[in-house]
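Pasting data_15.cif here (mmCIF, C-alpha atoms):
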data_start
loop_
_atom_site.label_atom_id
_atom_site.label_comp_id
_atom_site.auth_asym_id
_atom_site.auth_seq_id
_atom_site.Cartn_x
_atom_site.Cartn_y
_atom_site.Cartn_z
CA MET A 1 -44.91 -142.72 -34.70
CA ALA A 2 -45.85 -145.97 -36.39
CA GLU A 3 -48.82 -148.24 -35.77
CA THR A 4 -47.49 -151.52 -34.42
CA LEU A 5 -49.12 -154.79 -33.44
CA PHE A 6 -48.42 -156.15 -29.96
CA PHE A 7 -46.50 -159.19 -31.24
CA ASN A 8 -44.44 -157.01 -33.58
CA ALA A 9 -43.56 -154.71 -30.68
CA LEU A 10 -42.13 -157.73 -28.87
CA ARG A 11 -40.32 -158.81 -32.04
CA ASP A 12 -38.85 -155.34 -32.52
CA ALA A 13 -37.61 -155.28 -28.93
CA THR A 14 -35.94 -158.66 -29.38
CA ASP A 15 -34.42 -157.69 -32.73
CA GLU A 16 -33.07 -154.39 -31.39
CA GLU A 17 -31.51 -156.03 -28.34
CA MET A 18 -29.96 -158.84 -30.39
CA GLY A 19 -28.49 -156.23 -32.73
CA ARG A 20 -27.19 -154.16 -29.82
CA ASP A 21 -25.72 -157.02 -27.77
CA GLU A 22 -24.28 -160.19 -29.33
CA THR A 23 -24.71 -162.09 -26.04
CA VAL A 24 -28.51 -162.01 -26.45
CA LEU A 25 -30.02 -165.20 -27.88
CA VAL A 26 -33.45 -166.79 -28.18
CA LEU A 27 -34.32 -170.42 -27.60
CA GLY A 28 -37.51 -172.44 -27.42
CA GLU A 29 -39.86 -174.62 -29.44
CA ASP A 30 -40.38 -173.44 -33.03
CA VAL A 31 -38.76 -170.03 -32.40
CA GLY A 32 -36.36 -170.40 -35.35
CA HIS A 33 -37.49 -171.18 -38.88
CA TYR A 34 -41.19 -171.21 -37.97
CA GLY A 35 -40.89 -167.83 -36.26
CA GLY A 36 -42.62 -168.69 -33.00
CA SER A 37 -46.21 -169.72 -32.31
CA TYR A 38 -47.32 -166.08 -32.38
CA LYS A 39 -44.59 -164.84 -34.77
CA VAL A 40 -42.65 -162.91 -32.12
CA THR A 41 -39.38 -164.31 -33.56
CA LYS A 42 -40.36 -164.24 -37.23
CA ASP A 43 -37.30 -164.02 -39.57
CA LEU A 44 -34.86 -163.59 -36.68
CA ALA A 45 -33.21 -166.95 -37.44
CA LYS A 46 -32.47 -165.76 -40.98
CA LYS A 47 -30.92 -162.58 -39.62
CA TYR A 48 -28.92 -163.95 -36.68
CA GLY A 49 -28.44 -167.64 -37.47
CA ASP A 50 -29.48 -170.89 -35.87
CA LEU A 51 -27.17 -170.61 -32.86
CA ARG A 52 -28.67 -167.30 -31.69
CA VAL A 53 -32.26 -168.29 -32.50
CA LEU A 54 -32.20 -171.88 -31.39
CA ASP A 55 -35.00 -174.37 -32.04
CA THR A 56 -35.19 -176.80 -29.13
CA PRO A 57 -36.81 -180.19 -28.59
CA ILE A 58 -40.13 -180.37 -26.72
CA ALA A 59 -38.39 -180.52 -23.34
CA GLU A 60 -39.05 -177.44 -21.22
CA ASN A 61 -36.99 -178.63 -18.25
CA SER A 62 -33.98 -179.24 -20.50
CA PHE A 63 -33.92 -175.99 -22.43
CA CYS A 64 -34.75 -173.86 -19.37
CA GLY A 65 -31.87 -175.54 -17.55
CA MET A 66 -29.64 -174.92 -20.56
CA ALA A 67 -30.66 -171.24 -20.52
CA VAL A 68 -29.70 -170.95 -16.84
CA GLY A 69 -26.27 -172.38 -17.66
CA ALA A 70 -25.92 -169.99 -20.59
CA ALA A 71 -26.79 -167.05 -18.34
CA MET A 72 -24.20 -168.18 -15.77
CA THR A 73 -21.48 -168.06 -18.45
CA GLY A 74 -22.28 -164.51 -19.56
CA LEU A 75 -24.96 -164.89 -22.22
CA ARG A 76 -28.42 -163.30 -22.06
CA PRO A 77 -30.91 -165.97 -23.10
CA ILE A 78 -34.55 -165.28 -23.90
CA VAL A 79 -36.63 -168.43 -23.40
CA GLU A 80 -39.94 -168.52 -25.25
CA GLY A 81 -42.51 -170.81 -23.75
CA MET A 82 -44.80 -171.89 -26.59
CA ASN A 83 -47.51 -171.71 -23.93
CA MET A 84 -46.64 -170.55 -20.44
CA GLY A 85 -48.55 -173.47 -18.96
CA PHE A 86 -45.91 -175.83 -20.35
CA LEU A 87 -43.27 -174.16 -18.17
CA LEU A 88 -44.63 -176.02 -15.17
CA LEU A 89 -42.43 -178.80 -16.52
CA ALA A 90 -39.46 -176.52 -15.82
CA PHE A 91 -40.59 -175.31 -12.39
CA ASN A 92 -37.47 -176.74 -10.76
CA GLN A 93 -35.09 -175.08 -13.22
CA ILE A 94 -36.86 -171.72 -12.90
CA SER A 95 -37.23 -171.71 -9.12
CA ASN A 96 -34.31 -173.72 -7.69
CA ASN A 97 -31.81 -172.73 -10.39
CA ALA A 98 -32.70 -169.41 -12.02
CA GLY A 99 -34.23 -167.88 -8.92
CA MET A 100 -31.66 -168.97 -6.36
CA LEU A 101 -28.24 -169.37 -8.03
CA ARG A 102 -27.16 -165.76 -7.57
CA TYR A 103 -27.74 -166.19 -3.83
CA THR A 104 -26.45 -169.72 -3.44
CA SER A 105 -23.27 -168.87 -5.37
CA GLY A 106 -22.55 -165.98 -3.02
CA GLY A 107 -23.02 -163.52 -5.85
CA ASN A 108 -20.46 -165.22 -8.09
CA PHE A 109 -23.04 -165.79 -10.82
CA LYS A 110 -25.62 -163.47 -12.33
CA ILE A 111 -28.62 -165.01 -14.08
CA PRO A 112 -29.59 -162.45 -16.78
CA MET A 113 -32.37 -164.37 -18.52
CA VAL A 114 -35.92 -163.69 -19.66
CA ILE A 115 -38.64 -166.32 -19.75
CA ARG A 116 -41.50 -165.06 -21.89
CA GLY A 117 -44.52 -166.31 -23.77
CA PRO A 118 -48.29 -166.41 -24.13
CA GLY A 119 -50.52 -167.15 -21.17
CA GLY A 120 -53.90 -166.32 -19.72
CA VAL A 121 -57.37 -167.44 -20.73
CA GLY A 122 -57.69 -167.34 -24.51
CA ARG A 123 -60.70 -168.38 -26.51
CA GLN A 124 -61.51 -172.04 -26.06
CA LEU A 125 -57.95 -173.20 -25.60
CA GLY A 126 -58.87 -175.66 -22.86
CA ALA A 127 -57.71 -175.92 -19.26
CA GLU A 128 -54.05 -176.81 -19.85
CA HIS A 129 -53.59 -173.93 -22.33
CA SER A 130 -55.39 -171.35 -20.16
CA GLN A 131 -52.98 -171.20 -17.25
CA ARG A 132 -52.15 -168.11 -15.25
CA LEU A 133 -48.74 -168.94 -13.81
CA GLU A 134 -48.03 -165.62 -12.10
CA ALA A 135 -49.38 -166.90 -8.79
CA TYR A 136 -47.49 -170.21 -9.12
CA PHE A 137 -44.15 -168.39 -9.26
CA HIS A 138 -44.99 -165.44 -7.02
CA ALA A 139 -43.59 -167.05 -3.89
CA VAL A 140 -40.25 -167.98 -5.50
CA PRO A 141 -37.37 -165.82 -4.21
CA GLY A 142 -35.04 -164.23 -6.75
CA LEU A 143 -37.49 -163.80 -9.63
CA LYS A 144 -38.88 -160.62 -11.11
CA ILE A 145 -42.36 -160.97 -12.59
CA VAL A 146 -43.74 -158.59 -15.21
CA ALA A 147 -47.06 -158.56 -17.10
CA CYS A 148 -47.22 -156.36 -20.20
CA SER A 149 -50.55 -155.06 -21.45
CA THR A 150 -50.03 -152.75 -24.45
CA PRO A 151 -47.71 -152.69 -27.47
CA TYR A 152 -45.93 -149.68 -25.94
CA ASN A 153 -45.11 -151.24 -22.60
CA ALA A 154 -44.53 -154.67 -24.15
CA LYS A 155 -41.61 -153.29 -26.16
CA GLY A 156 -40.17 -151.08 -23.44
CA LEU A 157 -40.49 -153.71 -20.73
CA LEU A 158 -38.98 -156.52 -22.80
CA LYS A 159 -35.94 -154.39 -23.61
CA ALA A 160 -35.52 -153.63 -19.91
CA ALA A 161 -35.97 -157.29 -18.98
CA ILE A 162 -33.29 -158.40 -21.45
CA ARG A 163 -30.83 -155.91 -19.99
CA ASP A 164 -31.58 -156.84 -16.37
CA ASP A 165 -29.06 -159.02 -14.54
CA ASN A 166 -31.79 -161.05 -12.81
CA PRO A 167 -34.20 -163.70 -14.10
CA VAL A 168 -37.42 -162.08 -15.32
CA LEU A 169 -40.68 -163.93 -15.93
CA PHE A 170 -42.36 -161.94 -18.69
CA PHE A 171 -46.07 -162.64 -19.13
CA GLU A 172 -47.90 -161.83 -22.35
CA HIS A 173 -51.63 -162.40 -22.78
CA VAL A 174 -52.61 -164.60 -25.68
CA LEU A 175 -55.56 -162.34 -26.59
CA LEU A 176 -53.48 -159.16 -26.80
CA TYR A 177 -51.11 -160.12 -29.62
CA ASN A 178 -53.17 -158.32 -32.27
CA LEU A 179 -53.63 -155.14 -30.24
CA LYS A 180 -52.45 -152.05 -32.16
CA GLU A 181 -50.82 -148.88 -30.91
CA ASN A 182 -48.70 -146.06 -32.34
CA LEU A 183 -45.14 -146.45 -31.07
CA PRO A 184 -42.41 -143.80 -31.16
CA ASP A 185 -39.57 -144.16 -33.66
CA TYR A 186 -36.92 -143.49 -31.00
CA GLU A 187 -35.65 -146.03 -28.48
CA TYR A 188 -37.33 -146.13 -25.07
CA ILE A 189 -37.19 -148.34 -21.99
CA CYS A 190 -39.93 -148.94 -19.42
CA ALA A 191 -39.08 -149.53 -15.75
CA LEU A 192 -39.65 -153.12 -14.65
CA ASP A 193 -40.73 -152.15 -11.13
CA ARG A 194 -43.18 -149.32 -11.78
CA ALA A 195 -46.96 -149.35 -12.09
CA GLU A 196 -48.76 -147.16 -14.65
CA ILE A 197 -51.67 -144.84 -13.92
CA VAL A 198 -53.97 -145.66 -16.83
CA ARG A 199 -56.71 -143.28 -15.71
CA PRO A 200 -56.41 -140.77 -12.86
CA GLY A 201 -59.41 -140.53 -10.54
CA LYS A 202 -60.48 -139.69 -7.00
CA ASP A 203 -63.25 -142.07 -5.89
CA VAL A 204 -61.87 -145.61 -6.02
CA THR A 205 -58.54 -147.25 -6.87
CA ILE A 206 -58.76 -150.11 -9.35
CA LEU A 207 -55.63 -152.29 -9.35
CA THR A 208 -55.28 -154.60 -12.33
CA TYR A 209 -52.83 -155.97 -14.90
CA SER A 210 -52.52 -157.67 -18.29
CA ARG A 211 -55.76 -158.14 -20.25
CA MET A 212 -57.89 -157.00 -17.30
CA ARG A 213 -56.52 -153.50 -17.81
CA HIS A 214 -58.69 -153.31 -20.92
CA HIS A 215 -61.73 -154.80 -19.13
CA CYS A 216 -61.39 -152.05 -16.52
CA THR A 217 -61.29 -149.28 -19.13
CA GLN A 218 -64.35 -150.84 -20.78
CA ALA A 219 -66.08 -150.79 -17.39
CA VAL A 220 -65.43 -147.05 -17.07
CA LYS A 221 -67.03 -146.50 -20.48
CA LEU A 222 -70.07 -148.45 -19.28
CA LEU A 223 -70.21 -146.21 -16.21
CA GLU A 224 -70.19 -143.13 -18.41
CA LYS A 225 -72.98 -144.52 -20.60
CA GLN A 226 -75.08 -145.18 -17.49
CA GLY A 227 -74.57 -141.59 -16.37
CA LEU A 228 -72.88 -142.54 -13.10
CA GLU A 229 -70.58 -139.88 -11.70
CA TYR A 230 -67.98 -142.13 -10.06
CA ASP A 231 -64.39 -141.19 -10.86
CA PRO A 232 -62.22 -144.36 -10.64
CA GLU A 233 -58.43 -144.37 -10.81
CA ILE A 234 -57.12 -147.32 -12.84
CA ILE A 235 -53.60 -148.56 -12.09
CA ASP A 236 -51.91 -151.18 -14.25
CA LEU A 237 -49.60 -152.98 -11.82
CA ILE A 238 -47.21 -154.17 -14.59
CA SER A 239 -44.69 -155.34 -11.98
CA LEU A 240 -46.18 -158.31 -10.13
CA LYS A 241 -42.97 -158.90 -8.20
CA PRO A 242 -42.07 -156.57 -6.64
CA PHE A 243 -45.28 -154.53 -6.43
CA ASP A 244 -44.97 -150.77 -6.83
CA MET A 245 -46.33 -150.10 -3.35
CA GLU A 246 -45.39 -146.42 -3.58
CA ALA A 247 -47.81 -145.84 -6.47
CA ILE A 248 -50.46 -148.06 -4.87
CA ALA A 249 -50.24 -146.25 -1.53
CA LYS A 250 -50.37 -142.81 -3.14
CA SER A 251 -53.59 -143.71 -4.92
CA ILE A 252 -55.27 -145.32 -1.90
CA ARG A 253 -54.47 -142.30 0.29
CA LYS A 254 -56.43 -140.28 -2.27
CA THR A 255 -59.41 -142.58 -2.93
CA HIS A 256 -59.67 -144.66 0.28
CA ARG A 257 -61.38 -147.48 -1.62
CA VAL A 258 -59.85 -150.39 -3.56
CA ILE A 259 -61.00 -152.90 -6.17
CA ILE A 260 -58.54 -155.50 -7.44
CA VAL A 261 -59.36 -157.02 -10.83
CA GLU A 262 -57.37 -160.02 -12.02
CA GLU A 263 -57.63 -162.99 -14.33
CA CYS A 264 -55.69 -165.05 -11.82
CA MET A 265 -57.47 -167.54 -9.56
CA LYS A 266 -58.94 -166.18 -6.33
CA THR A 267 -57.29 -168.66 -3.99
CA GLY A 268 -53.65 -167.71 -3.51
CA GLY A 269 -53.74 -165.27 -6.43
CA ILE A 270 -52.01 -161.95 -7.01
CA ALA A 271 -54.98 -160.13 -5.47
CA ALA A 272 -54.70 -162.21 -2.31
CA GLU A 273 -51.14 -160.98 -1.76
CA LEU A 274 -52.15 -157.41 -2.55
CA VAL A 275 -55.02 -157.53 -0.05
CA ALA A 276 -52.62 -158.70 2.65
CA LEU A 277 -50.09 -155.95 1.89
CA ILE A 278 -52.70 -153.19 1.72
CA ASN A 279 -54.26 -154.28 5.01
CA GLU A 280 -50.84 -154.42 6.65
CA GLN A 281 -49.57 -151.08 5.37
CA LEU A 282 -52.64 -148.96 4.58
CA PHE A 283 -55.53 -150.26 6.69
CA ASP A 284 -56.21 -146.88 8.32
CA GLU A 285 -56.61 -145.32 4.87
CA LEU A 286 -59.52 -147.58 3.90
CA ASP A 287 -63.10 -146.36 4.10
CA ALA A 288 -64.54 -149.70 2.94
CA PRO A 289 -63.42 -153.34 2.64
CA ILE A 290 -61.18 -154.22 -0.31
CA VAL A 291 -63.10 -155.84 -3.18
CA ARG A 292 -61.39 -158.73 -4.96
CA LEU A 293 -62.62 -159.71 -8.44
CA SER A 294 -60.86 -162.89 -9.58
CA SER A 295 -61.43 -165.90 -11.81
CA GLN A 296 -63.34 -168.93 -10.63
CA ASP A 297 -61.27 -171.56 -8.81
CA ILE A 298 -61.87 -174.21 -11.46
CA PRO A 299 -59.97 -175.45 -14.52
CA THR A 300 -60.94 -173.20 -17.41
CA PRO A 301 -63.71 -174.89 -19.45
CA TYR A 302 -63.32 -175.45 -23.18
CA ASN A 303 -66.97 -174.49 -23.74
CA GLY A 304 -67.02 -170.85 -24.81
CA THR A 305 -70.01 -169.79 -22.70
CA LEU A 306 -68.67 -171.45 -19.58
CA GLU A 307 -65.19 -170.07 -20.22
CA HIS A 308 -66.69 -166.56 -20.40
CA LEU A 309 -68.35 -167.07 -17.03
CA THR A 310 -65.15 -168.13 -15.27
CA ILE A 311 -63.40 -164.75 -15.67
CA ILE A 312 -64.38 -161.22 -14.65
CA GLN A 313 -66.28 -159.16 -17.22
CA PRO A 314 -66.73 -155.34 -17.39
CA PRO A 315 -70.34 -155.33 -16.06
CA GLN A 316 -69.14 -157.09 -12.90
CA ILE A 317 -66.55 -154.35 -12.38
CA VAL A 318 -69.27 -151.70 -12.73
CA GLU A 319 -71.48 -153.53 -10.22
CA ALA A 320 -68.59 -153.81 -7.76
CA MET A 321 -67.93 -150.05 -8.02
CA GLN A 322 -71.58 -149.25 -7.39
CA LYS A 323 -71.65 -151.41 -4.25
CA LEU A 324 -68.30 -150.17 -2.97
CA MET A 325 -69.19 -146.49 -3.24
CA THR A 326 -72.00 -147.00 -0.71
CA ALA A 327 -70.15 -149.40 1.63
CA GLN A 328 -68.56 -148.40 4.94
CA ILE A 329 -66.31 -150.22 7.43
#

I'd like the structure from this file rewritten - as structure tokens, please.
Amino acid sequence: MAETLFFNALRDATDEEMGRDETVLVLGEDVGHYGGSYKVTKDLAKKYGDLRVLDTPIAENSFCGMAVGAAMTGLRPIVEGMNMGFLLLAFNQISNNAGMLRYTSGGNFKIPMVIRGPGGVGRQLGAEHSQRLEAYFHAVPGLKIVACSTPYNAKGLLKAAIRDDNPVLFFEHVLLYNLKENLPDYEYICALDRAEIVRPGKDVTILTYSRMRHHCTQAVKLLEKQGLEYDPEIIDLISLKPFDMEAIAKSIRKTHRVIIVEECMKTGGIAAELVALINEQLFDELDAPIVRLSSQDIPTPYNGTLEHLTIIQPPQIVEAMQKLMTAQI
């Protein structure tokens, strides 16, 4: 076991896959000699050369389109978005090309590509650098969407995403890059379509992902300090498309209460889709209405205090649990 930073776990996964498979390459803005905005590709250009770690112009639509073409010809490109919000400029290439070409070609082309990079609400990065694109792309057919949350699953999920024959949107949270965790020395892979039970419990199911996983665990610690005897089960969704409905259903059949905690916007967010699915498939299992804790439907303010108020904080999760445990349909 070795203590590893989140961004180094991603770098190790990329390095190992590039060493294992010569068809794997990285492209994006400043990924080469600079080593990436958050150093996920540090020194990889020296090791693999400029053609496998390719610095691109500031033109997201162009290099995402180029990556789709590379994937069609048998390569396995990893696109780094310097900030995931910038990939809105490549929405057409990601949705109409990457997402649909395997279908529209009648299966003649596979699109084995990963689109990864920092997203989420950071610390005073401003509205355009605080985007949560998971909901934007959630309706696009043909895409897999993954949100890593720890150094361990970041490495295992990225390796799995690189090996997958479908386009994978791989979301990393900008405030998790310096998270530390002991990682095993042996190779491991994490399933792209499986949720993780972070904390088993029996009273309420908390569904969350990305940075909010850590807010939820902080909320449980607050509960314990307050002497409350609630026993929540925390599930890190990890796979945002498709959802691991088997794991979700198993938990809800045990707890009969649900709280969804997300950093995504409330309107049309990931939680909105989850609420619909749970009500369709598991309504008779619910003993209380589903609680949805989401970010405010406003552009994220630059002001630090206002920014803090736009997203869900651990005390709000505690309050929601207290109210839910006494609520009935």

Evaluate the PyMOL selection byres ((chain A and resi 97) around 12) and report residues as a ChimeraX atom specification: /A:61,64-69,71-72,90-96,98-105,109-111,113,140-143,166-167

Output for the residues just chosen: C-alpha atoms as a CSV table (one decimal), keeping the file's coordinate frame:
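The result, stored in result-v1.csv:
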chain,number,residue,atom,x,y,z
A,61,ASN,CA,-37.0,-178.6,-18.2
A,64,CYS,CA,-34.8,-173.9,-19.4
A,65,GLY,CA,-31.9,-175.5,-17.6
A,66,MET,CA,-29.6,-174.9,-20.6
A,67,ALA,CA,-30.7,-171.2,-20.5
A,68,VAL,CA,-29.7,-171.0,-16.8
A,69,GLY,CA,-26.3,-172.4,-17.7
A,71,ALA,CA,-26.8,-167.0,-18.3
A,72,MET,CA,-24.2,-168.2,-15.8
A,90,ALA,CA,-39.5,-176.5,-15.8
A,91,PHE,CA,-40.6,-175.3,-12.4
A,92,ASN,CA,-37.5,-176.7,-10.8
A,93,GLN,CA,-35.1,-175.1,-13.2
A,94,ILE,CA,-36.9,-171.7,-12.9
A,95,SER,CA,-37.2,-171.7,-9.1
A,96,ASN,CA,-34.3,-173.7,-7.7
A,98,ALA,CA,-32.7,-169.4,-12.0
A,99,GLY,CA,-34.2,-167.9,-8.9
A,100,MET,CA,-31.7,-169.0,-6.4
A,101,LEU,CA,-28.2,-169.4,-8.0
A,102,ARG,CA,-27.2,-165.8,-7.6
A,103,TYR,CA,-27.7,-166.2,-3.8
A,104,THR,CA,-26.4,-169.7,-3.4
A,105,SER,CA,-23.3,-168.9,-5.4
A,109,PHE,CA,-23.0,-165.8,-10.8
A,110,LYS,CA,-25.6,-163.5,-12.3
A,111,ILE,CA,-28.6,-165.0,-14.1
A,113,MET,CA,-32.4,-164.4,-18.5
A,140,VAL,CA,-40.2,-168.0,-5.5
A,141,PRO,CA,-37.4,-165.8,-4.2
A,142,GLY,CA,-35.0,-164.2,-6.8
A,143,LEU,CA,-37.5,-163.8,-9.6
A,166,ASN,CA,-31.8,-161.0,-12.8
A,167,PRO,CA,-34.2,-163.7,-14.1

Polymer residues at most 9 Å from (-61.7, -154.1, -11.6) by only C-alpha atoms, as a ChimeraX atom specification: /A:205-208,212-213,215-217,219,234,259-262,291-293,312-314,316-318,320-321

Long-range neighbours of segment 243-249 of chain A as a ChimeraX atom specification, 12 Å cut-off, only C-alpha atoms, 6 positions minimum in chain: /A:138,144-147,191-197,200,204-209,233-237,255-260,270-271,273-275,277-286

Pairwise distance for atom CA of Gly156 of chain A and atom CA of Tyr188 of chain A, rounded to one decimal in Å: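 Going from atom CA of Gly156 of chain A over to atom CA of Tyr188 of chain A, I get 5.9 Å.
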
Residue members of the PyMOL selection byres ((chain A and resi 47) around 12) in the file shown, as an MDAnalysis selection string: chainID A and resid 15:16 18:19 32:33 35 41:46 48:53

Gap from atom CA of Glu172 of chain A to atom CA of Glu319 of chain A - Å, one decimal: 27.8 Å

7 Å contact set for Leu27 of chain A, only C-alpha atoms, chain neighbours under 5 positions out, as a PyMOL selection string: chain A and resi 53-56+78-80
